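Engineer: Structure file entry.tsv (TSV, C-alpha atoms and all ligand atoms) right here:
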chain	number	residue	atom	x	y	z
A	815	MET	CA	0.00	0.00	0.00
A	816	PRO	CA	1.44	3.45	-0.84
A	817	LYS	CA	2.29	5.44	2.27
A	818	LEU	CA	0.21	8.54	3.10
A	819	PRO	CA	2.17	11.79	3.05
A	820	VAL	CA	2.47	13.23	6.56
A	821	TRP	CA	2.35	16.93	7.44
A	822	ILE	CA	3.24	18.18	10.89
A	823	ALA	CA	2.40	21.60	12.32
A	824	GLY	CA	5.15	22.63	14.77
A	825	ALA	CA	8.84	21.75	15.08
A	826	GLY	CA	8.88	21.53	18.87
A	827	LEU	CA	9.64	18.33	20.73
A	828	SER	CA	6.34	16.63	19.83
A	829	GLY	CA	6.52	17.47	16.13
A	830	ALA	CA	10.21	16.56	15.82
A	831	VAL	CA	9.85	13.17	17.53
A	832	ILE	CA	6.86	12.21	15.37
A	833	ALA	CA	8.60	13.42	12.21
A	834	ARG	CA	11.67	11.33	13.03
A	835	GLU	CA	9.72	8.19	13.88
A	836	LEU	CA	7.61	8.34	10.73
A	837	ALA	CA	10.54	9.22	8.45
A	838	GLU	CA	12.39	6.20	9.83
A	839	ALA	CA	9.29	4.10	9.08
A	840	GLY	CA	9.52	5.17	5.42
A	841	TYR	CA	7.05	8.08	5.35
A	842	SER	CA	7.74	11.34	3.66
A	843	VAL	CA	7.21	14.13	6.22
A	844	ASP	CA	6.78	17.90	5.86
A	845	VAL	CA	7.17	19.95	9.05
A	846	PHE	CA	5.81	23.52	9.17
A	847	GLU	CA	7.10	25.84	11.88
A	848	LEU	CA	5.76	29.31	12.53
A	849	ARG	CA	8.97	30.55	14.17
A	850	ASP	CA	12.33	30.89	12.43
A	851	HIS	CA	13.89	28.17	14.59
A	852	VAL	CA	13.10	24.65	15.75
A	853	ALA	CA	12.68	23.28	19.31
A	854	GLY	CA	9.55	25.25	20.28
A	855	ASN	CA	9.71	26.62	23.80
A	856	CYS	CA	12.80	24.59	24.75
A	857	HIS	CA	14.81	26.56	22.18
A	858	THR	CA	18.27	27.53	23.44
A	859	ALA	CA	20.67	30.07	21.90
A	860	ARG	CA	24.04	31.55	22.86
A	861	ASP	CA	23.91	35.15	24.01
A	862	PRO	CA	26.46	36.92	21.77
A	863	LYS	CA	27.75	39.21	24.55
A	864	THR	CA	28.36	36.71	27.37
A	865	ASN	CA	28.49	33.50	25.27
A	866	VAL	CA	26.14	31.93	27.85
A	867	LEU	CA	23.53	29.52	26.49
A	868	VAL	CA	20.11	31.03	27.11
A	869	HIS	CA	16.81	29.17	27.62
A	870	VAL	CA	15.03	31.65	25.38
A	871	TYR	CA	11.44	30.82	26.43
A	872	GLY	CA	12.08	30.11	30.11
A	873	PRO	CA	13.90	27.34	31.98
A	874	HIS	CA	13.56	23.79	30.66
A	875	ILE	CA	15.04	21.00	32.72
A	876	PHE	CA	14.94	17.48	31.42
A	877	HIS	CA	13.92	15.06	34.20
A	878	THR	CA	12.32	11.67	33.95
A	879	ALA	CA	11.79	8.17	35.31
A	880	ASP	CA	11.03	6.87	31.80
A	881	TYR	CA	14.20	5.05	30.74
A	882	GLU	CA	12.97	4.50	27.19
A	883	VAL	CA	12.53	8.24	26.71
A	884	TRP	CA	15.95	8.81	28.25
A	885	ASP	CA	17.56	6.35	25.81
A	886	TYR	CA	15.64	7.89	22.94
A	887	ILE	CA	16.66	11.50	23.50
A	888	ARG	CA	20.31	10.56	23.96
A	889	ARG	CA	20.39	9.25	20.38
A	890	PHE	CA	20.37	12.88	19.27
A	891	GLY	CA	22.98	14.48	21.51
A	892	THR	CA	25.09	14.31	24.65
A	893	PHE	CA	23.53	15.06	28.02
A	894	ARG	CA	25.36	15.99	31.21
A	895	PRO	CA	24.16	15.21	34.75
A	896	TYR	CA	22.42	18.19	36.34
A	897	ARG	CA	20.53	18.53	39.65
A	898	HIS	CA	18.03	21.36	39.54
A	899	GLN	CA	18.03	23.75	42.53
A	900	VAL	CA	15.39	26.39	43.20
A	901	TRP	CA	15.33	28.95	46.00
A	902	SER	CA	12.63	31.39	46.97
A	903	THR	CA	12.96	34.93	48.28
A	904	VAL	CA	10.16	35.82	50.69
A	905	SER	CA	10.05	39.00	52.82
A	906	GLY	CA	13.76	39.59	52.33
A	907	ARG	CA	14.88	36.08	53.26
A	908	VAL	CA	15.95	33.18	51.06
A	909	TYR	CA	14.66	29.61	51.47
A	910	PRO	CA	15.20	26.36	49.55
A	911	LEU	CA	12.36	24.90	47.47
A	912	PRO	CA	10.45	22.61	47.32
A	913	VAL	CA	9.46	22.72	50.98
A	914	THR	CA	11.93	20.47	52.82
A	915	LEU	CA	13.17	20.13	56.39
A	916	ALA	CA	15.57	23.00	55.67
A	917	THR	CA	12.71	25.27	54.53
A	918	ILE	CA	10.56	24.39	57.54
A	919	ASN	CA	13.29	24.85	60.15
A	920	GLN	CA	14.50	28.09	58.60
A	921	PHE	CA	10.97	29.45	58.27
A	922	TYR	CA	9.97	28.60	61.86
A	923	ASN	CA	13.44	29.32	63.26
A	924	SER	CA	13.53	25.82	64.71
A	925	ALA	CA	15.70	22.69	64.72
A	926	MET	CA	13.05	19.99	64.33
A	927	ARG	CA	14.06	16.48	63.31
A	928	PRO	CA	12.07	14.76	60.51
A	929	ASP	CA	9.41	13.16	62.74
A	930	GLU	CA	8.98	16.32	64.78
A	931	ALA	CA	8.62	18.42	61.65
A	932	ARG	CA	6.13	15.96	60.20
A	933	ALA	CA	4.01	16.07	63.36
A	934	PHE	CA	4.27	19.87	63.46
A	935	ILE	CA	3.18	20.25	59.81
A	936	ILE	CA	0.25	17.89	60.44
A	937	SER	CA	-0.76	20.11	63.37
A	938	GLN	CA	-0.61	23.17	61.07
A	939	ALA	CA	-2.40	21.57	58.12
A	940	GLU	CA	-6.14	21.94	57.67
A	941	GLN	CA	-8.30	18.84	57.53
A	942	ILE	CA	-9.78	18.86	54.05
A	943	GLU	CA	-11.00	15.51	52.85
A	944	ALA	CA	-10.69	15.69	49.07
A	945	PRO	CA	-8.98	18.96	48.11
A	946	VAL	CA	-10.27	20.33	44.82
A	947	SER	CA	-8.68	23.76	44.54
A	948	PHE	CA	-5.00	24.72	44.68
A	949	GLU	CA	-5.64	26.51	47.97
A	950	GLU	CA	-7.34	23.54	49.59
A	951	GLN	CA	-4.53	21.29	48.41
A	952	ALA	CA	-1.90	23.63	49.88
A	953	LEU	CA	-3.69	24.22	53.20
A	954	SER	CA	-4.18	20.49	53.71
A	955	MET	CA	-0.57	19.74	52.80
A	956	ILE	CA	1.49	22.44	54.56
A	957	GLY	CA	-0.88	24.75	56.49
A	958	LYS	CA	-1.58	28.46	56.28
A	959	ASP	CA	1.84	29.99	57.12
A	960	LEU	CA	3.91	28.15	54.52
A	961	TYR	CA	1.11	28.44	51.97
A	962	GLU	CA	0.89	32.20	52.33
A	963	ALA	CA	4.66	32.66	52.23
A	964	PHE	CA	5.62	30.44	49.32
A	965	PHE	CA	2.53	29.69	47.25
A	966	GLN	CA	-0.27	32.21	47.54
A	967	GLY	CA	1.50	35.29	46.15
A	968	TYR	CA	3.55	33.37	43.59
A	969	THR	CA	0.50	31.53	42.29
A	970	GLU	CA	-1.59	34.70	42.04
A	971	LYS	CA	1.19	36.28	39.95
A	972	GLN	CA	1.75	33.16	37.83
A	973	TRP	CA	-1.89	32.36	37.10
A	974	GLY	CA	-3.56	35.77	37.50
A	975	ARG	CA	-6.35	34.45	39.67
A	976	SER	CA	-7.00	33.28	43.21
A	977	PRO	CA	-5.64	29.83	44.12
A	978	ARG	CA	-9.25	29.12	45.14
A	979	GLU	CA	-10.20	29.02	41.44
A	980	LEU	CA	-7.24	26.90	40.33
A	981	PRO	CA	-7.14	23.11	40.26
A	982	ALA	CA	-5.27	21.16	42.97
A	983	SER	CA	-3.33	19.37	40.21
A	984	ILE	CA	-1.01	22.38	39.74
A	985	LEU	CA	0.37	22.04	43.25
A	986	LYS	CA	0.54	18.27	43.10
A	987	ARG	CA	3.56	18.79	40.83
A	988	LEU	CA	5.61	19.87	43.85
A	989	PRO	CA	6.78	17.51	46.61
A	990	LEU	CA	7.03	18.08	50.38
A	991	ARG	CA	10.08	16.40	51.93
A	992	PHE	CA	11.11	15.85	55.53
A	993	THR	CA	14.81	15.60	54.66
A	994	TYR	CA	17.55	18.15	53.97
A	995	GLY	CA	18.95	18.93	50.55
A	996	GLY	CA	17.85	17.16	47.42
A	997	SER	CA	16.83	18.54	44.09
A	998	TYR	CA	13.75	20.47	43.01
A	999	PHE	CA	12.63	17.35	41.12
A	1000	SER	CA	12.31	13.85	42.53
A	1001	HIS	CA	12.97	11.99	39.25
A	1002	PRO	CA	16.06	9.74	39.15
A	1003	ILE	CA	17.23	11.16	35.84
A	1004	GLN	CA	17.93	14.88	35.58
A	1005	ALA	CA	20.15	16.16	32.84
A	1006	MET	CA	20.95	19.02	30.50
A	1007	PRO	CA	22.04	18.75	26.88
A	1008	GLU	CA	25.70	19.65	26.58
A	1009	THR	CA	25.11	22.21	23.81
A	1010	GLY	CA	21.44	23.00	24.40
A	1011	TYR	CA	18.10	21.61	23.26
A	1012	THR	CA	18.02	23.18	19.81
A	1013	PRO	CA	20.86	21.02	18.38
A	1014	ILE	CA	19.04	17.93	19.73
A	1015	VAL	CA	15.83	18.84	17.90
A	1016	GLU	CA	17.82	19.76	14.78
A	1017	ALA	CA	19.43	16.30	14.88
A	1018	MET	CA	15.97	14.68	15.15
A	1019	LEU	CA	14.81	16.57	12.07
A	1020	ASP	CA	17.97	15.83	10.12
A	1021	HIS	CA	16.67	13.00	7.95
A	1022	PRO	CA	16.44	12.78	4.14
A	1023	ASP	CA	12.67	12.20	4.29
A	1024	ILE	CA	11.92	15.21	6.51
A	1025	LYS	CA	11.39	18.56	4.84
A	1026	LEU	CA	11.43	21.48	7.27
A	1027	HIS	CA	9.62	24.74	6.45
A	1028	LEU	CA	10.65	27.41	8.95
A	1029	ALA	CA	8.81	30.72	9.41
A	1030	THR	CA	5.80	29.14	7.71
A	1031	GLU	CA	2.34	29.20	9.22
A	1032	LEU	CA	0.29	26.18	8.28
A	1033	ASP	CA	-3.38	26.82	7.63
A	1034	PRO	CA	-5.12	23.50	8.30
A	1035	ARG	CA	-7.37	24.16	5.28
A	1036	GLU	CA	-4.30	23.96	3.02
A	1037	VAL	CA	-3.54	20.36	3.92
A	1038	PRO	CA	-4.06	18.27	0.74
A	1039	PRO	CA	-6.57	15.41	0.84
A	1040	ASP	CA	-5.14	12.00	1.72
A	1041	THR	CA	-2.46	13.55	3.87
A	1042	HIS	CA	-2.29	12.87	7.60
A	1043	LEU	CA	-1.78	15.93	9.78
A	1044	PHE	CA	-0.20	16.00	13.24
A	1045	TRP	CA	-1.20	19.31	14.80
A	1046	SER	CA	0.92	20.59	17.71
A	1047	GLY	CA	-0.44	24.15	17.49
A	1048	PRO	CA	-3.22	25.33	19.83
A	1049	LEU	CA	-6.32	23.11	19.69
A	1050	ASP	CA	-8.65	26.10	19.33
A	1051	ALA	CA	-6.45	27.62	16.57
A	1052	TYR	CA	-6.98	24.49	14.44
A	1053	PHE	CA	-10.71	25.28	14.43
A	1054	GLY	CA	-10.14	29.00	13.76
A	1055	TYR	CA	-11.28	29.79	17.36
A	1056	ARG	CA	-14.85	29.35	16.14
A	1057	SER	CA	-16.25	28.43	19.58
A	1058	GLY	CA	-14.09	30.95	21.49
A	1059	ARG	CA	-10.55	31.06	22.89
A	1060	LEU	CA	-9.19	28.64	25.46
A	1061	GLY	CA	-7.47	30.49	28.32
A	1062	TYR	CA	-3.68	30.67	28.45
A	1063	ARG	CA	-1.06	32.59	30.39
A	1064	THR	CA	1.72	34.17	28.42
A	1065	LEU	CA	5.14	35.27	29.66
A	1066	ASP	CA	7.23	38.40	29.16
A	1067	PHE	CA	10.97	37.99	29.56
A	1068	GLU	CA	13.29	40.79	30.63
A	1069	HIS	CA	16.93	39.89	30.03
A	1070	SER	CA	19.85	41.69	31.60
A	1071	ILE	CA	23.60	41.19	31.57
A	1072	GLU	CA	25.39	41.39	34.92
A	1073	LYS	CA	28.91	40.90	36.24
A	1074	GLY	CA	30.09	37.62	37.79
A	1075	ASP	CA	27.46	35.57	39.59
A	1076	PHE	CA	24.12	37.32	40.07
A	1077	GLN	CA	22.18	35.00	42.39
A	1078	GLY	CA	24.27	31.85	42.96
A	1079	CYS	CA	21.61	29.43	41.69
A	1080	PRO	CA	19.78	28.68	38.42
A	1081	VAL	CA	16.28	29.78	39.50
A	1082	MET	CA	15.20	32.18	42.25
A	1083	ASN	CA	11.44	32.41	42.84
A	1084	PHE	CA	9.82	35.43	44.44
A	1085	GLY	CA	6.91	34.60	46.71
A	1086	ASP	CA	5.97	38.21	47.55
A	1087	ARG	CA	3.04	39.69	45.69
A	1088	ASP	CA	4.62	43.15	45.49
A	1089	VAL	CA	7.56	41.86	43.44
A	1090	PRO	CA	6.05	41.98	39.93
A	1091	PHE	CA	8.00	39.08	38.41
A	1092	THR	CA	7.63	35.44	39.44
A	1093	ARG	CA	11.23	34.29	39.09
A	1094	ILE	CA	14.73	35.04	37.84
A	1095	SER	CA	16.68	32.47	35.83
A	1096	GLU	CA	20.45	32.77	35.69
A	1097	HIS	CA	21.30	30.78	32.60
A	1098	LYS	CA	24.93	29.91	33.23
A	1099	HIS	CA	23.90	27.85	36.26
A	1100	PHE	CA	22.00	25.50	33.92
A	1101	MET	CA	25.42	24.45	32.55
A	1102	PRO	CA	27.71	24.20	35.57
A	1103	TRP	CA	30.46	22.57	33.46
A	1104	GLU	CA	30.97	25.83	31.53
A	1105	SER	CA	32.64	28.90	33.01
A	1106	HIS	CA	31.78	32.48	32.07
A	1107	GLN	CA	32.98	35.73	33.47
A	1108	ASP	CA	29.74	37.62	32.95
A	1109	THR	CA	26.21	36.42	33.36
A	1110	ILE	CA	22.80	36.84	31.75
A	1111	ILE	CA	19.65	36.73	33.85
A	1112	THR	CA	15.98	36.72	32.89
A	1113	ARG	CA	13.09	38.09	34.90
A	1114	GLU	CA	9.81	36.36	34.09
A	1115	TYR	CA	6.48	38.19	34.16
A	1116	SER	CA	3.25	36.27	33.67
A	1117	ARG	CA	0.06	37.75	32.23
A	1118	GLU	CA	-3.15	36.80	30.43
A	1119	CYS	CA	-2.52	35.65	26.85
A	1120	GLY	CA	-4.13	37.88	24.21
A	1121	PRO	CA	-4.78	36.97	20.54
A	1122	GLU	CA	-1.37	38.28	19.44
A	1123	ASP	CA	0.63	36.68	22.29
A	1124	MET	CA	2.40	33.37	22.53
A	1125	PRO	CA	0.42	30.87	24.62
A	1126	TYR	CA	2.50	29.19	27.36
A	1127	TYR	CA	0.47	27.75	30.24
A	1128	PRO	CA	-3.03	26.28	29.68
A	1129	ILE	CA	-5.16	27.62	32.53
A	1130	ARG	CA	-7.81	24.87	32.55
A	1131	LEU	CA	-10.26	26.63	34.83
A	1132	VAL	CA	-13.14	24.45	35.91
A	1133	ALA	CA	-15.48	27.20	34.66
A	1134	GLU	CA	-14.04	26.93	31.12
A	1135	LYS	CA	-14.41	23.18	30.83
A	1136	GLN	CA	-17.42	23.41	28.47
A	1137	LEU	CA	-15.39	25.19	25.81
A	1138	LEU	CA	-12.76	22.48	25.95
A	1139	VAL	CA	-15.46	19.78	25.73
A	1140	ASP	CA	-16.79	21.59	22.67
A	1141	TYR	CA	-13.40	21.54	20.89
A	1142	VAL	CA	-12.76	17.92	21.84
A	1143	GLN	CA	-16.12	16.98	20.31
A	1144	GLN	CA	-15.25	18.86	17.11
A	1145	ALA	CA	-11.90	17.06	16.99
A	1146	GLU	CA	-13.60	13.68	17.40
A	1147	THR	CA	-15.54	14.25	14.18
A	1148	THR	CA	-12.51	15.49	12.22
A	1149	LYS	CA	-10.73	12.93	10.08
A	1150	GLY	CA	-7.02	12.74	9.22
A	1151	VAL	CA	-5.70	14.77	12.17
A	1152	THR	CA	-3.92	13.86	15.39
A	1153	PHE	CA	-3.60	16.57	18.07
A	1154	VAL	CA	-0.35	16.39	20.02
A	1155	GLY	CA	1.77	18.26	22.57
A	1156	ARG	CA	1.06	20.93	25.16
A	1157	LEU	CA	-0.90	23.24	22.84
A	1158	GLY	CA	-2.59	20.54	20.76
A	1159	THR	CA	-3.95	18.78	23.84
A	1160	TYR	CA	-4.21	21.87	26.08
A	1161	ARG	CA	-2.27	20.24	28.93
A	1162	TYR	CA	0.62	21.29	31.21
A	1163	LEU	CA	3.25	18.77	29.96
A	1164	ASP	CA	6.81	18.16	31.09
A	1165	MET	CA	9.40	17.47	28.40
A	1166	ASP	CA	9.66	13.73	29.05
A	1167	VAL	CA	5.88	13.31	28.88
A	1168	CYS	CA	5.87	15.24	25.63
A	1169	ILE	CA	8.42	12.83	24.12
A	1170	ARG	CA	6.64	9.75	25.49
A	1171	GLU	CA	3.29	10.83	24.06
A	1172	ALA	CA	4.88	11.74	20.70
A	1173	LEU	CA	6.50	8.30	20.46
A	1174	ASP	CA	3.17	6.66	21.33
A	1175	ALA	CA	1.25	8.86	18.85
A	1176	ALA	CA	3.64	7.82	16.07
A	1177	THR	CA	3.23	4.14	17.01
A	1178	ALA	CA	-0.57	4.48	17.10
A	1179	PHE	CA	-0.50	6.04	13.63
A	1180	LEU	CA	1.70	3.25	12.23
A	1181	THR	CA	-0.50	0.58	13.80
A	1182	ALA	CA	-3.66	2.16	12.37
A	1183	GLN	CA	-2.06	2.29	8.92
A	1184	THR	CA	-1.42	-1.43	8.90
A	1185	SER	CA	-4.60	-2.56	10.67
A	1186	GLY	CA	-6.95	-0.10	8.95
A	1187	GLU	CA	-8.50	0.75	12.32
A	1188	ARG	CA	-9.76	4.26	13.02
A	1189	LEU	CA	-7.16	6.50	14.62
A	1190	SER	CA	-8.33	8.60	17.56
A	1191	PRO	CA	-7.54	12.33	17.23
A	1192	PHE	CA	-6.01	12.29	20.72
A	1193	LEU	CA	-3.64	9.80	22.26
A	1194	VAL	CA	-4.51	11.29	25.66
A	1195	SER	CA	-7.76	13.21	25.93
A	1196	PRO	CA	-7.46	16.89	26.93
A	1197	LEU	CA	-10.41	16.41	29.30
A	1201	LIG	N1	4.50	27.45	42.86
A	1201	LIG	C1	4.40	28.42	43.85
A	1201	LIG	N2	5.54	28.94	44.38
A	1201	LIG	C2	6.76	28.58	43.95
A	1201	LIG	C3	6.87	27.60	42.95
A	1201	LIG	C4	5.72	27.06	42.41
A	1201	LIG	O1	3.30	28.82	44.24
A	1201	LIG	O2	7.77	29.14	44.45
A	1201	LIG	C5	3.25	26.92	42.29
A	1201	LIG	C6	2.78	27.78	41.12
A	1201	LIG	O3	1.37	27.82	41.10
A	1201	LIG	C7	3.33	27.01	39.93
A	1201	LIG	C8	3.18	25.55	40.38
A	1201	LIG	O4	3.45	25.60	41.79
A	1201	LIG	O5	2.61	27.28	38.74
A	1201	LIG	C9	4.09	24.56	39.69
A	1201	LIG	O6	5.44	24.96	39.84
A	1201	LIG	P1	6.57	24.54	38.82
A	1201	LIG	O7	7.88	24.93	39.39
A	1201	LIG	O8	6.37	23.13	38.42
A	1201	LIG	O9	6.23	25.52	37.58
A	1201	LIG	P2	6.90	25.70	36.11
A	1201	LIG	O10	8.40	25.65	36.26
A	1201	LIG	O11	6.33	24.61	35.26
A	1201	LIG	O12	6.41	27.07	35.73
Would you mind giving the structure from this file in structure tokens?
Ligand code: UDP
Structural biologist:
Amino acid sequence: MPKLPVWIAGAGLSGAVIARELAEAGYSVDVFELRDHVAGNCHTARDPKTNVLVHVYGPHIFHTADYEVWDYIRRFGTFRPYRHQVWSTVSGRVYPLPVTLATINQFYNSAMRPDEARAFIISQAEQIEAPVSFEEQALSMIGKDLYEAFFQGYTEKQWGRSPRELPASILKRLPLRFTYGGSYFSHPIQAMPETGYTPIVEAMLDHPDIKLHLATELDPREVPPDTHLFWSGPLDAYFGYRSGRLGYRTLDFEHSIEKGDFQGCPVMNFGDRDVPFTRISEHKHFMPWESHQDTIITREYSRECGPEDMPYYPIRLVAEKQLLVDYVQQAETTKGVTFVGRLGTYRYLDMDVCIREALDAATAFLTAQTSGERLSPFLVSPL
């Protein structure tokens, strides 16, 4: 049977992995990318003044417990071990994050041992049976004091609404540990690409059967018949926003070049509401094996995403669920398209999950081609 041509909208991680998998399976693949570079939001580029590698669209740290994904990504470049460290400045004092024994003892000016701290936090925590909102989740996990210091202000700035309106799932990303030290993430594998993410994605797309079209917006109506489309753009954009716009937060980045070491760690969060940015990334700390005299830092400001802005974080308010249901129903009746990635499935995805789902979406497509079975438009439902 002749193989269907495949078109892919987006040259981020999802699009690049699918393109590579299908090209290796003998398909001819065209990838259309709106921006003038590949790698989507994990794009990295050297700052010409300091020569530091910059995470252009905010910090991206590869961490996973999925060994297949780890083996896969290392086919395309060298990774170096990296343990992510985050600190938070609150009311003029600096604390380690996530909340650990160090954070608790420093915050309460105490010297509790693990069991004592655990019992103390339980005494502070509110009894909430099945927490639904971010606030309920936080109050039941760490109590009012720690919640107000580290999470309430930061979350209001990051998401632009009260933690009472936000889902508990956002906070469930962060652990609470009754030990000292450790990394921000709990995953066994944490690593950074030696020369950045962009060369990795370029290597994925470097295949004779992949044709890359940079700075090219793909209008879904231009896709020829009998061509399969993988869409990693926004789900609502595919349908021309005809039912309305799904809510996103966008980010503004303010870069500045400083002397020496600015903050001594890769990411400093700011819990106070009156500090207008959420965090500062100091890019050279993402690559501790390099040494640079000067440094480049980025302040991150979060705001509501307008029609002309770049969507970053899907908000997924409970109140907006109906609009999402509407788009999912439209997708279910659309043939020849698979929706993938953070924007295509309107989900907050880590990099390893993005790669895993892209690999599985490519496999599902190949299986459907041989079995003739109907291919679902989503590998994982946005709902
Ligand atoms: N968060 C917070 N204070 C912090 C760090 C995180 O309140 O200092 C909350 C915030 O709502 C954030 C969520 O926890 O959106 C998840 O944090 P994570 O570090 O995973 O966010 P990302 O790096 O993906 O923006």
Engineer: Chain A near ligand LIG 1201 (chain A) within 10 Å: what's each residue's closest atom pair and its distance in Å to one decimal, counting all atoms listed in the file, ordered by chain then ascending residue number, as a Markdown table?
Structural biologist:
| residue | atom | partner | partner_atom | distance |
| --- | --- | --- | --- | --- |
| A:Gly872 | CA | A:LIG1201 | O10 | 8.4 |
| A:Pro873 | CA | A:LIG1201 | O10 | 7.2 |
| A:His874 | CA | A:LIG1201 | O10 | 7.8 |
| A:Ile875 | CA | A:LIG1201 | O10 | 8.8 |
| A:Val900 | CA | A:LIG1201 | O2 | 8.2 |
| A:Trp901 | CA | A:LIG1201 | O2 | 7.7 |
| A:Ser902 | CA | A:LIG1201 | O2 | 5.9 |
| A:Thr903 | CA | A:LIG1201 | O2 | 8.7 |
| A:Val904 | CA | A:LIG1201 | O2 | 9.4 |
| A:Tyr909 | CA | A:LIG1201 | O2 | 9.8 |
| A:Pro910 | CA | A:LIG1201 | O2 | 9.4 |
| A:Leu911 | CA | A:LIG1201 | O2 | 6.9 |
| A:Pro912 | CA | A:LIG1201 | C3 | 7.5 |
| A:Val913 | CA | A:LIG1201 | O2 | 9.3 |
| A:Phe948 | CA | A:LIG1201 | O3 | 7.9 |
| A:Glu949 | CA | A:LIG1201 | O3 | 9.9 |
| A:Ala952 | CA | A:LIG1201 | O1 | 9.3 |
| A:Tyr961 | CA | A:LIG1201 | O1 | 8.0 |
| A:Glu962 | CA | A:LIG1201 | O1 | 9.1 |
| A:Ala963 | CA | A:LIG1201 | N2 | 8.7 |
| A:Phe964 | CA | A:LIG1201 | N2 | 5.2 |
| A:Phe965 | CA | A:LIG1201 | O1 | 3.2 |
| A:Gln966 | CA | A:LIG1201 | O1 | 5.9 |
| A:Gly967 | CA | A:LIG1201 | O1 | 7.0 |
| A:Tyr968 | CA | A:LIG1201 | O1 | 4.6 |
| A:Thr969 | CA | A:LIG1201 | O3 | 4.0 |
| A:Glu970 | CA | A:LIG1201 | O3 | 7.5 |
| A:Lys971 | CA | A:LIG1201 | O3 | 8.5 |
| A:Gln972 | CA | A:LIG1201 | O5 | 6.0 |
| A:Trp973 | CA | A:LIG1201 | O3 | 6.9 |
| A:Pro977 | CA | A:LIG1201 | O3 | 7.9 |
| A:Leu980 | CA | A:LIG1201 | O3 | 8.7 |
| A:Pro981 | CA | A:LIG1201 | O3 | 9.8 |
| A:Ala982 | CA | A:LIG1201 | O3 | 9.6 |
| A:Ser983 | CA | A:LIG1201 | C8 | 9.0 |
| A:Ile984 | CA | A:LIG1201 | C8 | 5.3 |
| A:Leu985 | CA | A:LIG1201 | O4 | 4.9 |
| A:Lys986 | CA | A:LIG1201 | C9 | 8.0 |
| A:Arg987 | CA | A:LIG1201 | O8 | 5.7 |
| A:Leu988 | CA | A:LIG1201 | O8 | 6.4 |
| A:Pro989 | CA | A:LIG1201 | O8 | 9.9 |
| A:Tyr998 | CA | A:LIG1201 | O7 | 8.2 |
| A:Phe999 | CA | A:LIG1201 | O8 | 8.9 |
| A:Val1081 | CA | A:LIG1201 | O10 | 9.5 |
| A:Met1082 | CA | A:LIG1201 | O2 | 8.3 |
| A:Asn1083 | CA | A:LIG1201 | O2 | 5.2 |
| A:Phe1084 | CA | A:LIG1201 | O2 | 6.6 |
| A:Gly1085 | CA | A:LIG1201 | O2 | 6.0 |
| A:Asp1086 | CA | A:LIG1201 | O2 | 9.8 |
| A:Thr1092 | CA | A:LIG1201 | O2 | 8.1 |
| A:Arg1093 | CA | A:LIG1201 | O2 | 8.2 |
| A:Ser1116 | CA | A:LIG1201 | O12 | 9.9 |
| A:Tyr1126 | CA | A:LIG1201 | O12 | 9.5 |
| A:Tyr1127 | CA | A:LIG1201 | O12 | 8.1 |
| A:Ile1129 | CA | A:LIG1201 | O5 | 10.0 |
| A:Tyr1162 | CA | A:LIG1201 | O11 | 7.7 |
| A:Leu1163 | CA | A:LIG1201 | O11 | 8.5 |
| A:Asp1164 | CA | A:LIG1201 | O11 | 7.7 |
Engineer: Enter the distance from atom CA of A:Gly1054 to atom CA of A:Pro1196, in Å, rounded to one decimal.
Structural biologist: 18.1 Å
Engineer: May I ask which of the residues A:His898, A:Glu847, A:Ser937, A:Asp1040 is the closest one to A:Ser954, counting only C-alpha atoms?
Structural biologist: A:Ser937
Engineer: I'd like the interatomic distance between atom CA of A:Glu1008 and atom CA of A:Ala1175, to a tenth of an Å.
Structural biologist: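 Here the two named atoms are 27.8 Å from each other.
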Engineer: Could you pull the residues within 10 Å of A:Lys1073, counting all atoms listed in the file, minus those fewer than 3 positions along the same chain, as a list in words?
Structural biologist: Thr864, Phe1076, His1106, Gln1107, Asp1108, Thr1109 and Ile1110 of chain A
Engineer: For the selection just defined, write its residues with C-alpha atoms to a file, as a PDB file, in the coordinates of the input.
Structural biologist:
ATOM      1  CA  THR A 864      28.360  36.710  27.370  1.00  0.00           C
ATOM      2  CA  PHE A1076      24.120  37.320  40.070  1.00  0.00           C
ATOM      3  CA  HIS A1106      31.780  32.480  32.070  1.00  0.00           C
ATOM      4  CA  GLN A1107      32.980  35.730  33.470  1.00  0.00           C
ATOM      5  CA  ASP A1108      29.740  37.620  32.950  1.00  0.00           C
ATOM      6  CA  THR A1109      26.210  36.420  33.360  1.00  0.00           C
ATOM      7  CA  ILE A1110      22.800  36.840  31.750  1.00  0.00           C
TER       8      ILE A1110
END
Engineer: As an exercise, work out the distance from atom CA of A:Arg888 to atom CA of A:Val831 in Å and give it to one decimal place.
Structural biologist: 12.6 Å
Engineer: Nearest residue to A:Pro1007 out of A:Pro945, A:Pro862, A:Gly957, A:Gly891, using only C-alpha atoms?
Structural biologist: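 Result for the nearest residue to A:Pro1007: A:Gly891.
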Engineer: Give me the residues within 8 Å of A:Arg897 as an MDAnalysis selection string, counting only C-alpha atoms and dropping any in the same chain fewer than 3 places off.
Structural biologist: chainID A and resid 997:998 1004:1005
Engineer: Please return as a PyMOL selection string every residue within 6 Å of (19.3, 32.8, 24.0), taking into account all atoms listed in the file and the file's own coordinates.
Structural biologist: chain A and resi 858-861+867-870
